[in-house]
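Asks: My structure is below; once you've seen it, I'll send some questions.
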Amino acid sequence: MYKQGKPISVWPIGYVSNQFETPIDPGPIREKESIIILDHQFIDGLRSLQVGDKLMVVFYFHLIGEDELELLQYPRGDRSQPQRGVFTLRSPNRPNPIGVTEVEVLSINENEITVKGLDALNHTPILDLKTI
């Protein structure tokens with residue numbers, strides 16, 4: 001049963017490895033390959049995953065500070081557009097800094113999954129993977 005204000009604990013299952021260290025527009029990040037490196041204890045969870053599969057990657061926006069939350073935001077910071085509610089945007093500034101992105105699996109090597117389409121930064125904690 002849901003109880004407002006009760007914390008929920010999650011633990012990373014791995015992290016992102018790519019060349020992007022600081023926040024930028026997500027487009028260029030999605031165009032490059034990233035590697036999802038899972039903790040070795042989760043390798044069996046990759047059984048039946050194949051090259052070409054689509055995955056939903058759930059990750060934690062680890063660089064966002066708690067004081068940055070605004071429920072009304074300009075899309076991508078563009079003040080020429082009207083403000084919108086955070087739940088209608090893909091902004092990392094959210095009540096719970098959790099991101100999701102659909103990716104394509106390019107290769108799998110033990111606990112390393114090379115993907116394309118991920119818009120998470122280097123060292124971003126991975127919370128979950130789900131096939132689509």
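Convention: chains lettered A, B, ... in structure tokens order; per-chain residue numbering from 1; ligands numbered from 1 as shown.
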Considering only C-alpha atoms, give me a table of residues in range 24-87 of chain A that are at most 10 Å from range 107-124 of chain A, with the closest atom pair and distance in Å for each, as a Markdown table.

Replies:
| residue | atom | partner | partner_atom | distance |
| --- | --- | --- | --- | --- |
| A:Ile24 | CA | A:Leu121 | CA | 9.1 |
| A:Asp25 | CA | A:Asp119 | CA | 8.8 |
| A:Pro26 | CA | A:Asp119 | CA | 5.3 |
| A:Gly27 | CA | A:Asp119 | CA | 7.5 |
| A:Pro28 | CA | A:Asp119 | CA | 8.3 |
| A:Ile29 | CA | A:Asp119 | CA | 5.2 |
| A:Arg30 | CA | A:Gly117 | CA | 4.0 |
| A:Glu31 | CA | A:Gly117 | CA | 6.1 |
| A:Lys32 | CA | A:Lys116 | CA | 6.2 |
| A:Glu33 | CA | A:Lys116 | CA | 4.8 |
| A:Ser34 | CA | A:Val115 | CA | 5.4 |
| A:Ile35 | CA | A:Thr114 | CA | 4.4 |
| A:Ile36 | CA | A:Ile113 | CA | 5.1 |
| A:Ile37 | CA | A:Glu112 | CA | 4.6 |
| A:Leu38 | CA | A:Asn111 | CA | 5.2 |
| A:Asp39 | CA | A:Asn111 | CA | 7.0 |
| A:His40 | CA | A:Asn111 | CA | 6.1 |
| A:Gln41 | CA | A:Asn111 | CA | 9.1 |
| A:Phe42 | CA | A:Asn111 | CA | 7.8 |
| A:Ile43 | CA | A:Asn111 | CA | 5.6 |
| A:Asp44 | CA | A:Asn111 | CA | 9.2 |
| A:Gly45 | CA | A:Asn111 | CA | 9.8 |
| A:Leu46 | CA | A:Asn111 | CA | 8.2 |
| A:Leu49 | CA | A:Ile108 | CA | 8.3 |
| A:Gln50 | CA | A:Ile108 | CA | 7.6 |
| A:Val51 | CA | A:Ser107 | CA | 5.5 |
| A:Gly52 | CA | A:Ser107 | CA | 8.3 |
| A:Asp53 | CA | A:Val115 | CA | 9.8 |
| A:Lys54 | CA | A:Val115 | CA | 9.2 |
| A:Leu55 | CA | A:Val115 | CA | 9.0 |
| A:Met56 | CA | A:Leu118 | CA | 9.4 |
| A:Val57 | CA | A:Leu118 | CA | 7.8 |
| A:Val58 | CA | A:Ala120 | CA | 9.8 |
| A:Phe59 | CA | A:Thr124 | CA | 6.9 |
| A:Tyr60 | CA | A:Thr124 | CA | 6.5 |
| A:Phe61 | CA | A:Thr124 | CA | 6.8 |
| A:His62 | CA | A:Thr124 | CA | 6.3 |
| A:Leu63 | CA | A:Thr124 | CA | 8.5 |

Asks: With C-alpha atoms retained, export the selected residues as a JSON list (two decimals), in the first residue's frame.

Replies:
[["chain", "number", "residue", "atom", "x", "y", "z"],
["A", 24, "ILE", "CA", 24.22, 18.51, -22.85],
["A", 25, "ASP", "CA", 21.30, 18.25, -25.25],
["A", 26, "PRO", "CA", 20.33, 14.55, -25.33],
["A", 27, "GLY", "CA", 20.37, 14.28, -29.15],
["A", 28, "PRO", "CA", 24.14, 13.92, -29.63],
["A", 29, "ILE", "CA", 24.36, 11.48, -26.72],
["A", 30, "ARG", "CA", 21.70, 9.20, -28.24],
["A", 31, "GLU", "CA", 23.58, 9.11, -31.56],
["A", 32, "LYS", "CA", 26.70, 7.61, -29.96],
["A", 33, "GLU", "CA", 27.21, 4.18, -28.50],
["A", 34, "SER", "CA", 27.20, 3.66, -24.74],
["A", 35, "ILE", "CA", 28.09, 0.63, -22.69],
["A", 36, "ILE", "CA", 25.94, -0.53, -19.82],
["A", 37, "ILE", "CA", 28.19, -2.31, -17.36],
["A", 38, "LEU", "CA", 26.22, -4.55, -15.01],
["A", 39, "ASP", "CA", 27.50, -5.80, -11.68],
["A", 40, "HIS", "CA", 28.66, -9.40, -12.21],
["A", 41, "GLN", "CA", 25.99, -10.72, -9.85],
["A", 42, "PHE", "CA", 23.34, -9.80, -12.46],
["A", 43, "ILE", "CA", 24.84, -11.55, -15.52],
["A", 44, "ASP", "CA", 22.26, -14.37, -15.39],
["A", 45, "GLY", "CA", 19.57, -11.71, -15.77],
["A", 46, "LEU", "CA", 20.82, -11.13, -19.33],
["A", 49, "LEU", "CA", 18.94, -10.98, -24.43],
["A", 50, "GLN", "CA", 20.02, -10.71, -28.07],
["A", 51, "VAL", "CA", 21.67, -8.22, -30.39],
["A", 52, "GLY", "CA", 18.92, -6.13, -31.99],
["A", 53, "ASP", "CA", 16.62, -6.32, -28.96],
["A", 54, "LYS", "CA", 15.10, -3.11, -27.67],
["A", 55, "LEU", "CA", 15.56, -2.31, -23.99],
["A", 56, "MET", "CA", 14.00, 0.24, -21.70],
["A", 57, "VAL", "CA", 16.84, 1.51, -19.51],
["A", 58, "VAL", "CA", 15.84, 2.96, -16.13],
["A", 59, "PHE", "CA", 18.51, 5.17, -14.60],
["A", 60, "TYR", "CA", 19.16, 7.72, -11.85],
["A", 61, "PHE", "CA", 20.01, 11.35, -12.67],
["A", 62, "HIS", "CA", 22.97, 11.38, -10.27],
["A", 63, "LEU", "CA", 24.10, 14.95, -11.05]]

Asks: CA of Pro23 in chain A and CA of Pro92 in chain A, how far apart in Å?

Replies: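 CA of Pro23 in chain A lies 9.8 Å from CA of Pro92 in chain A.
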
Asks: Do a neighbour search on Pro12 in chain A at 8 Å with only C-alpha atoms, toss out local chain neighbours closer than 3 positions, and write the hits as an mmCIF file with N, CA and C atoms, in the first residue's frame.

Replies:
data_model
loop_
_atom_site.group_PDB
_atom_site.id
_atom_site.type_symbol
_atom_site.label_atom_id
_atom_site.label_comp_id
_atom_site.auth_asym_id
_atom_site.auth_seq_id
_atom_site.Cartn_x
_atom_site.Cartn_y
_atom_site.Cartn_z
ATOM 1 N N TYR A 15 26.203 0.639 -14.248
ATOM 2 C CA TYR A 15 26.408 2.045 -14.585
ATOM 3 C C TYR A 15 26.682 2.186 -16.081
ATOM 4 N N PRO A 125 24.123 5.818 -12.727
ATOM 5 C CA PRO A 125 23.683 4.537 -12.162
ATOM 6 C C PRO A 125 22.477 3.964 -12.928
ATOM 7 N N ILE A 126 22.563 2.690 -13.265
ATOM 8 C CA ILE A 126 21.470 1.973 -13.909
ATOM 9 C C ILE A 126 20.652 1.291 -12.831
ATOM 10 N N LEU A 127 19.330 1.509 -12.859
ATOM 11 C CA LEU A 127 18.433 0.919 -11.856
ATOM 12 C C LEU A 127 17.758 -0.351 -12.350
ATOM 13 N N ASP A 128 17.467 -0.420 -13.664
ATOM 14 C CA ASP A 128 16.765 -1.591 -14.187
ATOM 15 C C ASP A 128 16.848 -1.600 -15.706
#

Asks: Determine, counting only C-alpha atoms, which protein, DNA and RNA residues have an atom within 7 Å of an atom of Gly85 in chain A; residues of the same chain fewer than 5 positions away are not included. Present the result as a list of chain:residue names.

Replies: A:Leu71, A:Leu72, A:Gln73

Asks: For a quick check of understanding, using only C-alpha atoms, which of A:Leu69, A:Thr101, A:Ser17, A:Leu106 has the smallest distance to Ile132 in chain A?

Replies: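 Residue with the minimum atom-to-atom distance to Ile132 in chain A: A:Thr101.
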
Asks: Looking only at the backbone, which of the residues in range 5-124 of chain A does DSSP tag as strand (DSSP E or B), as a PyMOL selection string?

Replies: chain A and resi 14-17+33-38+54-60+72-73+84-85+98-109+112-116

Asks: So which residues of range 12-127 of chain A fall under helix (DSSP H, G or I) by DSSP, listed as a list in words?

Replies: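 Put together, the selection reads Pro26, Gly27, Pro28, Ile29, Arg30, Glu31, His40, Gln41, Phe42, Ile43, Asp44, Gly45, Leu46, Glu66, Asp67, Glu68, Pro75, Arg76, Gly77, Val86, Phe87 and Thr88 of chain A.
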
Asks: Can I get the selection written as an mmCIF file, in the first residue's frame, with N, CA and C atoms?

Replies:
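Resulting contents of part_34.cif:
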data_model
loop_
_atom_site.group_PDB
_atom_site.id
_atom_site.type_symbol
_atom_site.label_atom_id
_atom_site.label_comp_id
_atom_site.auth_asym_id
_atom_site.auth_seq_id
_atom_site.Cartn_x
_atom_site.Cartn_y
_atom_site.Cartn_z
ATOM 1 N N PRO A 26 20.278 16.008 -25.233
ATOM 2 C CA PRO A 26 20.327 14.550 -25.327
ATOM 3 C C PRO A 26 20.538 13.995 -26.738
ATOM 4 N N GLY A 27 20.241 14.784 -27.780
ATOM 5 C CA GLY A 27 20.367 14.282 -29.147
ATOM 6 C C GLY A 27 21.731 13.703 -29.485
ATOM 7 N N PRO A 28 22.807 14.458 -29.296
ATOM 8 C CA PRO A 28 24.139 13.924 -29.625
ATOM 9 C C PRO A 28 24.524 12.700 -28.783
ATOM 10 N N ILE A 29 24.045 12.633 -27.555
ATOM 11 C CA ILE A 29 24.363 11.476 -26.718
ATOM 12 C C ILE A 29 23.695 10.228 -27.285
ATOM 13 N N ARG A 30 22.431 10.350 -27.684
ATOM 14 C CA ARG A 30 21.697 9.201 -28.240
ATOM 15 C C ARG A 30 22.328 8.660 -29.517
ATOM 16 N N GLU A 31 22.986 9.527 -30.289
ATOM 17 C CA GLU A 31 23.579 9.111 -31.559
ATOM 18 C C GLU A 31 24.832 8.261 -31.378
ATOM 19 N N HIS A 40 28.559 -7.987 -11.819
ATOM 20 C CA HIS A 40 28.662 -9.397 -12.211
ATOM 21 C C HIS A 40 27.554 -10.260 -11.626
ATOM 22 N N GLN A 41 27.038 -9.896 -10.480
ATOM 23 C CA GLN A 41 25.994 -10.719 -9.854
ATOM 24 C C GLN A 41 24.706 -10.765 -10.677
ATOM 25 N N PHE A 42 24.566 -9.867 -11.663
ATOM 26 C CA PHE A 42 23.339 -9.800 -12.459
ATOM 27 C C PHE A 42 23.490 -10.390 -13.862
ATOM 28 N N ILE A 43 24.624 -11.010 -14.169
ATOM 29 C CA ILE A 43 24.842 -11.550 -15.517
ATOM 30 C C ILE A 43 23.752 -12.526 -15.919
ATOM 31 N N ASP A 44 23.310 -13.401 -15.035
ATOM 32 C CA ASP A 44 22.263 -14.373 -15.386
ATOM 33 C C ASP A 44 20.975 -13.678 -15.821
ATOM 34 N N GLY A 45 20.763 -12.452 -15.375
ATOM 35 C CA GLY A 45 19.572 -11.712 -15.770
ATOM 36 C C GLY A 45 19.580 -11.300 -17.227
ATOM 37 N N LEU A 46 20.717 -11.458 -17.907
ATOM 38 C CA LEU A 46 20.820 -11.132 -19.327
ATOM 39 C C LEU A 46 20.519 -12.326 -20.234
ATOM 40 N N GLU A 66 18.872 18.332 -5.197
ATOM 41 C CA GLU A 66 17.497 18.367 -4.703
ATOM 42 C C GLU A 66 16.879 19.750 -4.783
ATOM 43 N N ASP A 67 17.680 20.792 -4.716
ATOM 44 C CA ASP A 67 17.153 22.149 -4.712
ATOM 45 C C ASP A 67 16.782 22.654 -6.106
ATOM 46 N N GLU A 68 16.964 21.832 -7.139
ATOM 47 C CA GLU A 68 16.717 22.270 -8.506
ATOM 48 C C GLU A 68 15.298 21.996 -8.998
ATOM 49 N N PRO A 75 10.591 24.016 -21.830
ATOM 50 C CA PRO A 75 11.123 22.843 -22.535
ATOM 51 C C PRO A 75 12.572 23.065 -22.963
ATOM 52 N N ARG A 76 13.461 22.207 -22.487
ATOM 53 C CA ARG A 76 14.906 22.286 -22.761
ATOM 54 C C ARG A 76 15.494 23.646 -22.440
ATOM 55 N N GLY A 77 14.871 24.356 -21.486
ATOM 56 C CA GLY A 77 15.363 25.657 -21.055
ATOM 57 C C GLY A 77 15.089 26.786 -22.036
ATOM 58 N N VAL A 86 6.400 19.504 -15.330
ATOM 59 C CA VAL A 86 7.538 18.581 -15.385
ATOM 60 C C VAL A 86 7.124 17.188 -15.867
ATOM 61 N N PHE A 87 5.879 16.774 -15.596
ATOM 62 C CA PHE A 87 5.449 15.438 -15.994
ATOM 63 C C PHE A 87 5.126 15.345 -17.479
ATOM 64 N N THR A 88 5.203 16.467 -18.205
ATOM 65 C CA THR A 88 5.009 16.461 -19.655
ATOM 66 C C THR A 88 6.333 16.643 -20.389
#

Asks: Of the residues A:Val105, A:Asp78, A:Gln83, A:Leu129, which is the one nearest to Gly14 in chain A, using only C-alpha atoms?

Replies: A:Leu129
